[in-house]
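Chemist: Please find one structure pasted underneath; my questions will follow.
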Amino acid sequence: MQKFEPFLIWGGCIVFYLVIFVIWILLAVWVYKDAKKRGENAVLWLLVVLLTGIIGLIIYLLVRPKEKAPPPPPPPA
Amino acid sequence: MDIFYLLNSPFCHQMSSRSFFIAGFKMPLCARCTAIHIGLLLGYLFHLLFMRKENQCICLLSLILFNVPLAIDGITQLYGLRESTNEIRLLTGTLSGLSFGLVIAYVIEAFNNEHKDLKLELFNTTLMKRQAHVAISSEILAYLIIYVGVLSNSLLYLIYISLYLTISSFLHNIIVPIYIMVAMIKCIKT
């Protein structure tokens, strides 16, 4: 067991960082899609969330505009 | 921390005497580069939060003026006239990064919105006044961001800001220039 200890520690670290990395990217992609839907500047929000991670997400959730209501159905002819 | 130093070594000299230390560890970029990257982020945020809806044009003169302190600081130090301090590097770097951040944010906005044209104005008093306010607040924010870390000596803060600086240096040295060049070529073609 002692022989494998360094591998276990390193493996644990790498898995931990990979999980954080994947969550980080997914957050940024979600913000990109959401900003595009709401007519914000999606690329810039993607940049901000990629850079700052969870803090950028909090700022985005605080300032994002309300979702536009879906357009009313066309009147029956 | 070694991996952060390694990843950032292509972009910065990383001299110990010109860097901030948090919890006994050197930050992965020098004081001036750190300040420029923080300024870029603040430029994006100010553009997104306050300047996006109202201003359709950008004032060239104040953005040039923002870069003058950094140039004076760098050139006088380069020729050995005086030695700068980390505080001066922080303040001048933030101002320069802020101007680039505002320009990049504006250019990306113009590329993604076909109804908007890039409008450059050399001199516009209201815009200059607004940009001066943005500059002062971003200076205060950048000073707080750095000195909260330096005084708190928190290892978590160091790792977070190192992660930010690493991602930022890769994005702004490689990906953002390529993106802007591709977008410009597309614009010229159409």
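Each chain in the structure tokens gets a letter, A, B, ..., in the order shown, and its residues are numbered from 1; ligands are numbered from 1 in order too.
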Given only C-alpha atoms, how would the per-residue table for range 31-72 of chain A near range 165-180 of chain B read, listing every residue at most 9 Å away with its closest atom pair and distance in Å to one decimal, sorted by chain and number, as a tab-separated table?

Modeler:
```
residue	atom	partner	partner_atom	distance
A:Leu47	CA	B:Leu171	CA	8.5
A:Leu50	CA	B:Ile167	CA	7.8
A:Leu51	CA	B:Ser168	CA	6.1
```

Chemist: What are the residues of chain B lining chain A at 8 Å or less? Count only C-alpha atoms, and put the answer as a count of residues only.

Modeler: 12

Chemist: Between A:Leu8, A:Cys13, A:Ile55, A:Ala28, which has the minimum distance to Ile161 in chain B (counting only C-alpha atoms)?

Modeler: A:Ile55

Chemist: Report, in Å with one decimal, the straight-line distance from CA of Trp10 in chain A to CA of Ser9 in chain B.

Modeler: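 Taking CA of Trp10 in chain A as the start and CA of Ser9 in chain B as the end point, the length is 23.4 Å.
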
Chemist: Could you give me, as a VMD selection string, the residues within 12 Å of Ala132 in chain B, counting only C-alpha atoms and dropping anything in the same chain fewer than 2 positions from it?

Modeler: chain B and resid 59 61 to 63 65 to 66 95 98 to 99 125 to 130 134 to 139

Chemist: Could those selected residues go to a file with N, CA and C atoms, as a PDB file, in the first residue's frame?

Modeler:
```pdb
ATOM      1  N   CYS B  59     -14.130  56.889 -26.745  1.00  0.00           N
ATOM      2  CA  CYS B  59     -13.312  58.099 -26.785  1.00  0.00           C
ATOM      3  C   CYS B  59     -11.842  57.723 -26.807  1.00  0.00           C
ATOM      4  N   LEU B  61      -9.053  59.637 -26.959  1.00  0.00           N
ATOM      5  CA  LEU B  61      -8.036  60.427 -26.276  1.00  0.00           C
ATOM      6  C   LEU B  61      -7.801  59.928 -24.852  1.00  0.00           C
ATOM      7  N   SER B  62      -8.899  59.643 -24.122  1.00  0.00           N
ATOM      8  CA  SER B  62      -8.703  59.233 -22.738  1.00  0.00           C
ATOM      9  C   SER B  62      -8.077  57.855 -22.667  1.00  0.00           C
ATOM     10  N   LEU B  63      -8.366  57.008 -23.672  1.00  0.00           N
ATOM     11  CA  LEU B  63      -7.743  55.683 -23.661  1.00  0.00           C
ATOM     12  C   LEU B  63      -6.242  55.778 -23.926  1.00  0.00           C
ATOM     13  N   LEU B  65      -4.518  58.460 -23.048  1.00  0.00           N
ATOM     14  CA  LEU B  65      -3.992  59.079 -21.824  1.00  0.00           C
ATOM     15  C   LEU B  65      -3.803  58.046 -20.720  1.00  0.00           C
ATOM     16  N   PHE B  66      -4.684  57.012 -20.689  1.00  0.00           N
ATOM     17  CA  PHE B  66      -4.562  55.987 -19.663  1.00  0.00           C
ATOM     18  C   PHE B  66      -3.239  55.239 -19.749  1.00  0.00           C
ATOM     19  N   LEU B  95      -4.435  51.036 -14.829  1.00  0.00           N
ATOM     20  CA  LEU B  95      -4.981  52.048 -15.742  1.00  0.00           C
ATOM     21  C   LEU B  95      -4.824  51.606 -17.193  1.00  0.00           C
ATOM     22  N   LEU B  98      -7.103  48.652 -17.939  1.00  0.00           N
ATOM     23  CA  LEU B  98      -8.486  49.107 -18.030  1.00  0.00           C
ATOM     24  C   LEU B  98      -8.789  49.643 -19.423  1.00  0.00           C
ATOM     25  N   SER B  99      -7.855  50.437 -19.972  1.00  0.00           N
ATOM     26  CA  SER B  99      -8.110  50.997 -21.295  1.00  0.00           C
ATOM     27  C   SER B  99      -8.206  49.885 -22.334  1.00  0.00           C
ATOM     28  N   THR B 125     -16.356  65.168 -24.114  1.00  0.00           N
ATOM     29  CA  THR B 125     -16.206  65.533 -22.707  1.00  0.00           C
ATOM     30  C   THR B 125     -16.982  64.608 -21.782  1.00  0.00           C
ATOM     31  N   THR B 126     -18.246  64.299 -22.151  1.00  0.00           N
ATOM     32  CA  THR B 126     -19.039  63.456 -21.241  1.00  0.00           C
ATOM     33  C   THR B 126     -18.425  62.067 -21.121  1.00  0.00           C
ATOM     34  N   LEU B 127     -17.992  61.523 -22.267  1.00  0.00           N
ATOM     35  CA  LEU B 127     -17.372  60.191 -22.223  1.00  0.00           C
ATOM     36  C   LEU B 127     -16.098  60.204 -21.398  1.00  0.00           C
ATOM     37  N   MET B 128     -15.313  61.285 -21.554  1.00  0.00           N
ATOM     38  CA  MET B 128     -14.049  61.361 -20.819  1.00  0.00           C
ATOM     39  C   MET B 128     -14.307  61.433 -19.319  1.00  0.00           C
ATOM     40  N   LYS B 129     -15.352  62.189 -18.956  1.00  0.00           N
ATOM     41  CA  LYS B 129     -15.694  62.301 -17.534  1.00  0.00           C
ATOM     42  C   LYS B 129     -16.077  60.936 -16.986  1.00  0.00           C
ATOM     43  N   ARG B 130     -16.897  60.210 -17.763  1.00  0.00           N
ATOM     44  CA  ARG B 130     -17.332  58.880 -17.325  1.00  0.00           C
ATOM     45  C   ARG B 130     -16.146  57.927 -17.206  1.00  0.00           C
ATOM     46  N   VAL B 134     -14.656  55.768 -14.035  1.00  0.00           N
ATOM     47  CA  VAL B 134     -14.365  54.330 -14.117  1.00  0.00           C
ATOM     48  C   VAL B 134     -12.911  54.061 -13.715  1.00  0.00           C
ATOM     49  N   ALA B 135     -12.005  54.947 -14.177  1.00  0.00           N
ATOM     50  CA  ALA B 135     -10.588  54.742 -13.882  1.00  0.00           C
ATOM     51  C   ALA B 135     -10.324  54.819 -12.384  1.00  0.00           C
ATOM     52  N   ILE B 136     -10.909  55.848 -11.738  1.00  0.00           N
ATOM     53  CA  ILE B 136     -10.656  56.006 -10.308  1.00  0.00           C
ATOM     54  C   ILE B 136     -11.208  54.811  -9.536  1.00  0.00           C
ATOM     55  N   SER B 137     -12.430  54.387  -9.876  1.00  0.00           N
ATOM     56  CA  SER B 137     -12.991  53.259  -9.123  1.00  0.00           C
ATOM     57  C   SER B 137     -12.221  51.983  -9.387  1.00  0.00           C
ATOM     58  N   SER B 138     -11.718  51.807 -10.623  1.00  0.00           N
ATOM     59  CA  SER B 138     -10.986  50.568 -10.870  1.00  0.00           C
ATOM     60  C   SER B 138      -9.631  50.571 -10.161  1.00  0.00           C
ATOM     61  N   GLU B 139      -9.021  51.766 -10.025  1.00  0.00           N
ATOM     62  CA  GLU B 139      -7.768  51.842  -9.261  1.00  0.00           C
ATOM     63  C   GLU B 139      -7.997  51.383  -7.822  1.00  0.00           C
TER      64      GLU B 139
END
```

Chemist: Extract the full set of strand (DSSP E or B) residues from chain B according to DSSP on the backbone, and format it as a PyMOL selection string.

Modeler: chain B and resi 21-22+25-26+57-59+119-121

Chemist: Report as a ChimeraX atom specification all protein, DNA and RNA residues lying within 12 Å of Gly24 in chain B, evaluated on only C-alpha atoms, omitting residues in the same chain fewer than 2 positions from it.

Modeler: /B:1,16,19-22,26-27,149-155,158

Chemist: From the DSSP assignment of the backbone, select every residue of chain A that is alpha helix (DSSP H), and format the answer as a ChimeraX atom specification.

Modeler: /A:5-37,42-52,54-63

Chemist: Counting only C-alpha atoms, which residue out of B:Asn8, B:Asn113, B:Ser17, B:Ser162 sits closest to Thr85 in chain B?

Modeler: B:Ser17

Chemist: For a quick check of understanding, using only C-alpha atoms, which of A:Pro76, A:Leu57, A:Phe16, A:Glu5 has the smallest distance to Asp34 in chain A?

Modeler: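 Ranked by minimum distance to Asp34 in chain A, first place goes to A:Leu57.
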
Chemist: Rounded to one decimal, what separation in Å do you get between CA of Ser96 in chain B and CA of Ile36 in chain B?

Modeler: 6.4 Å

Chemist: For Ile88 in chain B, list every protein, DNA or RNA residue within 10 Å, evaluated using only C-alpha atoms, and leave out those in the same chain fewer than 5 positions away; present the list as a JSON list (two decimals) with N, CA and C atoms, in the first residue's frame.

Modeler:
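In the end it all went to result_7.json:
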```json
[["chain", "number", "residue", "atom", "x", "y", "z"],
["B", 31, "ALA", "N", 4.31, 42.42, -10.68],
["B", 31, "ALA", "CA", 3.30, 43.37, -10.21],
["B", 31, "ALA", "C", 2.59, 44.05, -11.37],
["B", 32, "ARG", "N", 3.37, 44.45, -12.38],
["B", 32, "ARG", "CA", 2.76, 45.20, -13.48],
["B", 32, "ARG", "C", 1.83, 44.32, -14.31],
["B", 69, "PRO", "N", 0.89, 57.03, -18.13],
["B", 69, "PRO", "CA", 1.64, 56.79, -16.89],
["B", 69, "PRO", "C", 2.50, 55.54, -16.94],
["B", 70, "LEU", "N", 1.94, 54.45, -17.51],
["B", 70, "LEU", "CA", 2.71, 53.21, -17.60],
["B", 70, "LEU", "C", 3.94, 53.39, -18.48],
["B", 73, "ASP", "N", 6.51, 55.46, -16.57],
["B", 73, "ASP", "CA", 7.10, 54.63, -15.52],
["B", 73, "ASP", "C", 8.08, 53.62, -16.11],
["B", 93, "GLY", "N", -0.31, 50.05, -14.09],
["B", 93, "GLY", "CA", -0.70, 48.87, -14.86],
["B", 93, "GLY", "C", -2.19, 48.71, -14.93],
["B", 94, "THR", "N", -2.88, 48.98, -13.80],
["B", 94, "THR", "CA", -4.34, 48.86, -13.81],
["B", 94, "THR", "C", -4.97, 49.82, -14.81]]
```

Chemist: Between A:Lys66, A:Lys3, A:Ile54, A:Pro74, single out the one closest to Lys37 in chain A, counting only C-alpha atoms.

Modeler: A:Lys66
